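**Q** Input file: final.cif. Contents: mmCIF, C-alpha atoms.
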data_data
loop_
_atom_site.label_atom_id
_atom_site.label_comp_id
_atom_site.auth_asym_id
_atom_site.auth_seq_id
_atom_site.Cartn_x
_atom_site.Cartn_y
_atom_site.Cartn_z
CA MET V 1 -20.14 6.27 -10.68
CA GLU V 2 -18.50 3.67 -12.89
CA ASN V 3 -20.83 1.36 -14.84
CA PRO V 4 -20.69 -2.34 -13.98
CA LEU V 5 -18.80 -4.66 -16.29
CA THR V 6 -20.56 -5.45 -19.53
CA PRO V 7 -21.31 -9.10 -20.39
CA GLU V 8 -18.51 -8.95 -22.98
CA GLU V 9 -16.04 -7.67 -20.36
CA LYS V 10 -17.09 -10.38 -17.89
CA LYS V 11 -16.67 -13.04 -20.60
CA ARG V 12 -13.23 -11.68 -21.52
CA LEU V 13 -12.18 -11.70 -17.88
CA GLN V 14 -13.37 -15.29 -17.34
CA ILE V 15 -11.47 -16.76 -20.31
CA HIS V 16 -8.08 -15.75 -18.94
CA THR V 17 -5.93 -18.53 -17.64
CA PRO V 18 -3.40 -18.07 -14.81
CA HIS V 19 -0.72 -17.60 -17.47
CA GLU V 20 -2.33 -14.50 -18.99
CA ARG V 21 -2.87 -11.06 -17.57
CA VAL V 22 -6.16 -9.31 -17.03
CA PRO V 23 -6.58 -6.55 -19.65
CA ALA V 24 -5.35 -3.15 -18.51
CA TYR V 25 -8.71 -1.45 -19.05
CA LEU V 26 -10.37 -3.87 -16.58
CA ILE V 27 -7.68 -3.20 -13.99
CA THR V 28 -8.27 0.53 -14.55
CA LYS V 29 -11.99 0.03 -13.92
CA ILE V 30 -11.24 -1.88 -10.71
CA ILE V 31 -8.81 0.81 -9.53
CA LYS V 32 -11.40 3.54 -10.24
CA LYS V 33 -14.00 1.64 -8.24
CA MET V 34 -11.54 1.06 -5.37
CA LYS V 35 -10.84 4.82 -5.28
CA GLN V 36 -14.57 5.63 -5.34
CA GLU V 37 -15.12 3.32 -2.38
CA ASN V 38 -12.14 4.88 -0.53
CA LEU V 39 -10.11 1.66 -0.57
CA ILE V 40 -7.31 3.54 -2.34
CA LEU V 41 -6.92 7.08 -1.07
CA GLU V 42 -5.36 9.93 -3.01
CA PRO V 43 -2.45 11.50 -1.11
CA LYS V 44 -3.22 14.91 0.39
CA PRO V 45 -0.61 17.48 1.32
CA LEU V 46 0.05 17.74 5.05
CA LEU V 47 0.45 21.50 4.85
CA THR V 48 -0.64 23.77 2.01
CA ARG V 49 1.30 26.70 0.55
CA SER V 50 -1.29 29.20 1.74
CA TRP V 51 -0.92 31.68 4.61
CA SER V 52 -2.84 29.34 6.87
CA GLY V 53 -0.54 26.47 5.83
CA LEU V 54 2.55 28.55 6.60
CA ALA V 55 1.10 29.59 9.95
CA ALA V 56 0.30 25.95 10.74
CA SER V 57 3.90 24.99 9.82
CA LEU V 58 5.28 27.67 12.11
CA LEU V 59 3.02 26.63 15.01
CA LEU V 60 3.88 22.97 14.47
CA GLY V 61 7.61 23.79 14.52
CA ILE V 62 7.30 25.82 17.70
CA GLY V 63 5.23 23.08 19.32
CA LEU V 64 7.75 20.39 18.39
CA PHE V 65 10.63 22.53 19.64
CA ALA V 66 8.86 23.16 22.95
CA ALA V 67 7.94 19.50 23.36
CA GLY V 68 11.53 18.46 22.68
CA TYR V 69 12.89 21.05 25.07
CA PHE V 70 10.65 20.07 27.97
CA THR V 71 10.89 16.34 27.29
CA GLY V 72 14.67 16.47 27.20
CA LYS V 73 15.07 18.40 30.45
CA PRO V 74 16.23 16.10 33.24
CA ASP V 75 14.07 16.00 36.33
CA GLY V 76 14.37 13.87 39.44
CA SER V 77 11.01 12.16 38.97
CA ARG V 78 12.05 9.99 36.01
CA ASP V 79 13.53 6.55 36.46
CA SER V 80 16.82 6.60 34.56
CA MET V 81 16.74 2.80 34.22
CA ALA V 82 13.29 2.67 32.55
CA MET V 83 13.31 0.95 29.17
CA PRO V 84 11.46 2.65 26.31
CA ALA V 85 8.39 0.83 25.03
CA PRO V 86 9.20 -1.30 21.98
CA LYS V 87 8.05 0.22 18.70
CA ALA V 88 6.01 -1.73 16.21
CA SER V 89 7.87 -2.70 13.06
CA LYS V 90 6.65 -1.66 9.62
CA PHE V 91 6.08 -4.34 6.99
CA ILE V 92 5.29 -4.23 3.27
CA LEU V 93 3.26 -6.92 1.56
CA LEU V 94 4.05 -6.98 -2.17
CA VAL V 95 1.20 -8.33 -4.33
CA HIS V 96 2.29 -10.26 -7.42
CA ASN V 97 0.19 -10.28 -10.61
CA ASP V 98 -0.19 -14.05 -10.68
CA ASP V 99 -3.63 -14.53 -9.15
CA LEU V 100 -6.55 -16.21 -10.89
CA PRO V 101 -9.15 -13.72 -12.13
CA ALA V 102 -12.29 -13.62 -10.01
CA GLN V 103 -15.64 -14.31 -11.63
CA ASP V 104 -16.88 -11.08 -10.09
CA PRO V 105 -14.01 -8.55 -9.93
CA MET V 106 -16.05 -6.21 -7.74
CA GLN V 107 -16.41 -8.99 -5.15
CA GLN V 108 -12.62 -9.23 -5.11
CA VAL V 109 -12.42 -5.44 -4.62
CA ARG V 110 -14.87 -5.66 -1.70
CA GLU V 111 -12.78 -8.45 -0.12
CA TYR V 112 -9.59 -6.38 -0.31
CA ARG V 113 -11.40 -3.32 1.08
CA ALA V 114 -12.87 -5.24 4.04
CA TRP V 115 -9.49 -6.87 4.75
CA LEU V 116 -7.64 -3.52 4.72
CA GLU V 117 -10.33 -1.79 6.82
CA ASP V 118 -10.05 -4.57 9.41
CA ILE V 119 -6.29 -4.07 9.63
CA GLN V 120 -6.68 -0.26 9.75
CA ALA V 121 -9.07 -0.58 12.70
CA LYS V 122 -6.25 -2.14 14.76
CA ARG V 123 -3.06 -0.49 13.47
CA ILE V 124 -1.57 1.89 10.93
CA ALA V 125 -2.02 0.37 7.47
CA GLY V 126 -2.41 1.38 3.83
CA GLY V 127 -1.93 0.16 0.29
CA GLU V 128 -1.95 1.07 -3.37
CA HIS V 129 -2.45 -0.60 -6.73
CA LEU V 130 0.39 -0.04 -9.23
CA HIS V 131 0.00 1.00 -12.86
CA SER V 132 1.08 -1.60 -15.39
CA SER V 133 3.37 0.92 -17.16
CA GLY V 134 6.51 2.51 -15.74
CA TRP V 135 10.27 2.83 -16.14
CA ILE V 136 13.35 0.69 -15.70
CA LEU V 137 16.35 2.57 -14.29
CA SER V 138 19.81 1.08 -14.56
CA GLY V 139 23.24 2.20 -13.40
CA LYS V 140 25.28 -0.37 -15.33
CA ASN V 141 28.70 0.61 -16.65
CA ARG V 142 28.54 3.86 -14.65
CA GLU V 143 25.91 5.09 -17.08
CA ASN V 144 22.48 5.98 -15.77
CA ARG V 145 19.88 4.68 -18.21
CA VAL V 146 16.11 5.08 -18.15
CA GLU V 147 13.89 2.85 -20.25
CA ALA V 148 10.14 3.45 -20.47
CA ARG V 149 7.98 0.34 -20.27
CA PRO V 150 4.43 0.56 -21.64
CA GLU V 151 3.63 -2.56 -19.66
CA PHE V 152 5.52 -4.82 -17.29
CA MET V 153 4.87 -8.33 -18.56
CA GLY V 154 5.10 -11.61 -16.73
CA ARG V 155 3.56 -13.44 -13.82
CA GLN V 156 6.15 -12.29 -11.31
CA GLU V 157 5.61 -8.54 -11.76
CA LEU V 158 4.10 -6.56 -8.90
CA GLY V 159 0.53 -5.32 -9.06
CA GLY V 160 0.39 -3.41 -5.78
CA TYR V 161 1.38 -3.36 -2.14
CA PHE V 162 0.06 -3.04 1.38
CA THR V 163 1.93 -1.60 4.34
CA PHE V 164 1.12 -2.22 7.98
CA GLU V 165 2.64 -2.27 11.44
CA ALA V 166 3.14 -5.40 13.52
CA ASP V 167 4.90 -6.09 16.81
CA ASN V 168 7.08 -8.82 15.27
CA ALA V 169 7.55 -11.07 12.22
CA ASP V 170 5.18 -13.75 13.54
CA GLU V 171 2.36 -11.23 13.85
CA ALA V 172 3.15 -9.83 10.37
CA LEU V 173 3.02 -13.34 8.88
CA ALA V 174 -0.31 -14.00 10.61
CA ILE V 175 -1.73 -10.79 9.08
CA ALA V 176 -0.31 -11.59 5.63
CA LYS V 177 -1.86 -15.07 5.67
CA THR V 178 -5.33 -13.47 5.84
CA CYS V 179 -4.88 -11.43 2.62
CA PRO V 180 -7.62 -12.22 0.05
CA HIS V 181 -4.96 -12.46 -2.69
CA LEU V 182 -4.18 -15.96 -1.42
CA ASN V 183 -7.82 -16.97 -2.03
CA TYR V 184 -7.16 -16.41 -5.74
CA GLN V 185 -3.97 -18.51 -5.69
CA GLY V 186 -1.81 -15.38 -5.90
CA THR V 187 1.68 -14.83 -4.53
CA LEU V 188 2.55 -12.35 -1.79
CA GLU V 189 5.97 -11.20 -0.67
CA LEU V 190 6.35 -9.97 2.93
CA ARG V 191 9.31 -7.74 3.85
CA GLU V 192 10.19 -5.76 6.96
CA VAL V 193 10.98 -2.09 6.35
CA TYR V 194 14.24 -0.80 7.84
CA ARG V 195 13.78 2.12 10.23
#
In structure tokens, what does this structure look like?
**A**
Amino acid sequence: MENPLTPEEKKRLQIHTPHERVPAYLITKIIKKMKQENLILEPKPLLTRSWSGLAASLLLGIGLFAAGYFTGKPDGSRDSMAMPAPKASKFILLVHNDDLPAQDPMQQVREYRAWLEDIQAKRIAGGEHLHSSGWILSGKNRENRVEARPEFMGRQELGGYFTFEADNADEALAIAKTCPHLNYQGTLELREVYR
């Protein structure tokens, strides 16, 4: 289990103004704690490359084929004019790195966890925190370029994202307005995902 923040780390976190970023090592500690508390889940393979995984793949394929075959067969009992049920839309909530640091970062982690668990209880939802390093890819002048970035600087850079389903844009906005990031004067960007 990760040790709590030291007094020096707490002091360093508290002196940051909205114009500065939280040090990367503190974000790493927060991410570790979020993973330990199952707020951020590691992706697991759907099917493994073992014999049992291959057998499961084969059975799944046969099952899907059979379901498609029998579902697609016309029978007289179905109403040909019935409308399919509307599908929920998928939305992504982009979290900008412009929030004010919390006095107790673990309290902020608990708020995000409780918020996400509440959404997950009602619909499909997830989210991840992004590393501060990465790459810039560019296709200018018909030349593909890749530039490594040790750290993305600036208040407008993204720190993470949440995804969730909603019946419409109004419902998605209502969900987004409850995100704890807004309690820390942060910026969120809500977008609908094309299907």
**Q** Applied to this file, what does the PyMOL selection byres ((chain V and resi 116) around 9) return in terms of residues, put as a tab-separated table (two decimals) with C-alpha atoms, keeping the file's coordinate frame?
**A**
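Final file, out.tsv:
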chain	number	residue	atom	x	y	z
V	39	LEU	CA	-10.11	1.66	-0.57
V	111	GLU	CA	-12.78	-8.45	-0.12
V	112	TYR	CA	-9.59	-6.38	-0.31
V	113	ARG	CA	-11.40	-3.32	1.08
V	114	ALA	CA	-12.87	-5.24	4.04
V	115	TRP	CA	-9.49	-6.87	4.75
V	117	GLU	CA	-10.33	-1.79	6.82
V	118	ASP	CA	-10.05	-4.57	9.41
V	119	ILE	CA	-6.29	-4.07	9.63
V	120	GLN	CA	-6.68	-0.26	9.75
V	121	ALA	CA	-9.07	-0.58	12.70
V	125	ALA	CA	-2.02	0.37	7.47
V	126	GLY	CA	-2.41	1.38	3.83
V	127	GLY	CA	-1.93	0.16	0.29
V	162	PHE	CA	0.06	-3.04	1.38
V	179	CYS	CA	-4.88	-11.43	2.62
**Q** CA of Leu158 (chain V) to CA of Pro101 (chain V): how many Å, to one decimal?
**A**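 Those two atoms sit 15.4 Å apart.
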**Q** Could you please determine the separation between CA of Thr6 (chain V) and CA of Val95 (chain V) in Å, to one decimal place?
**A**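 Between these atoms lies a distance of 26.7 Å.
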**Q** Quote the spacing between CA of Ser138 (chain V) and CA of Glu157 (chain V) in Å to one decimal place.
**A** 17.4 Å
**Q** If you apply the PyMOL selection byres ((chain V and resi 194) around 9) to this file, what residues do you get, as an NGL selection string?
**A** :V and (89-91 or 192-193 or 195)
**Q** Which centre and which edge lengths, in Å to one decimal, describe the axis-aligned box that holds all listed atoms of region 166-175 of chain V after 6 Å is added on each side, as JSON?
**A**
{"center_x": 2.9, "center_y": -9.7, "center_z": 12.8, "size_x": 21.3, "size_y": 20.6, "size_z": 19.9}
**Q** Just the residues within 8 Å of Ile30 (chain V), please, counting only C-alpha atoms, with nothing from its chain fewer than 6 positions along; format it as a PDB file with C-alpha atoms, in the coordinates of the input.
**A**
ATOM      1  CA  PRO V 105     -14.010  -8.550  -9.930  1.00  0.00           C
ATOM      2  CA  MET V 106     -16.050  -6.210  -7.740  1.00  0.00           C
ATOM      3  CA  VAL V 109     -12.420  -5.440  -4.620  1.00  0.00           C
TER       4      VAL V 109
END
**Q** Need to verify the contact set: Arg191 (chain V), 10 Å, only C-alpha atoms, exclusion of same-chain residues closer than 5 positions in sequence. Can you return it as a tab-separated table (two decimals) with C-alpha atoms, in the frame of the given file?
**A**
chain	number	residue	atom	x	y	z
V	90	LYS	CA	6.65	-1.66	9.62
V	91	PHE	CA	6.08	-4.34	6.99
V	92	ILE	CA	5.29	-4.23	3.27
V	93	LEU	CA	3.26	-6.92	1.56
V	94	LEU	CA	4.05	-6.98	-2.17
V	163	THR	CA	1.93	-1.60	4.34
V	169	ALA	CA	7.55	-11.07	12.22
V	172	ALA	CA	3.15	-9.83	10.37
V	173	LEU	CA	3.02	-13.34	8.88
**Q** Taking the file above as input, evaluate the PyMOL selection byres ((chain V and resi 147) around 10) and report the hits as a list of chain:residue names.
**A**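 Output of the PyMOL selection byres ((chain V and resi 147) around 10): V:Gly134, V:Trp135, V:Ile136, V:Leu137, V:Ser138, V:Arg145, V:Val146, V:Ala148, V:Arg149, V:Pro150.
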**Q** Here is a test: counting all atoms listed in the file, which residue of V:His96, V:Ala88, V:Gln107, V:His181 is nearest to Met34 (chain V)?
**A** V:Gln107
**Q** Set the distance at 9 Å and use all atoms listed in the file: which residues neighbour Leu130 (chain V) once local chain neighbours fewer than 5 positions away are removed? I'd like the list as a VMD selection string.
**A** chain V and resid 158 to 161
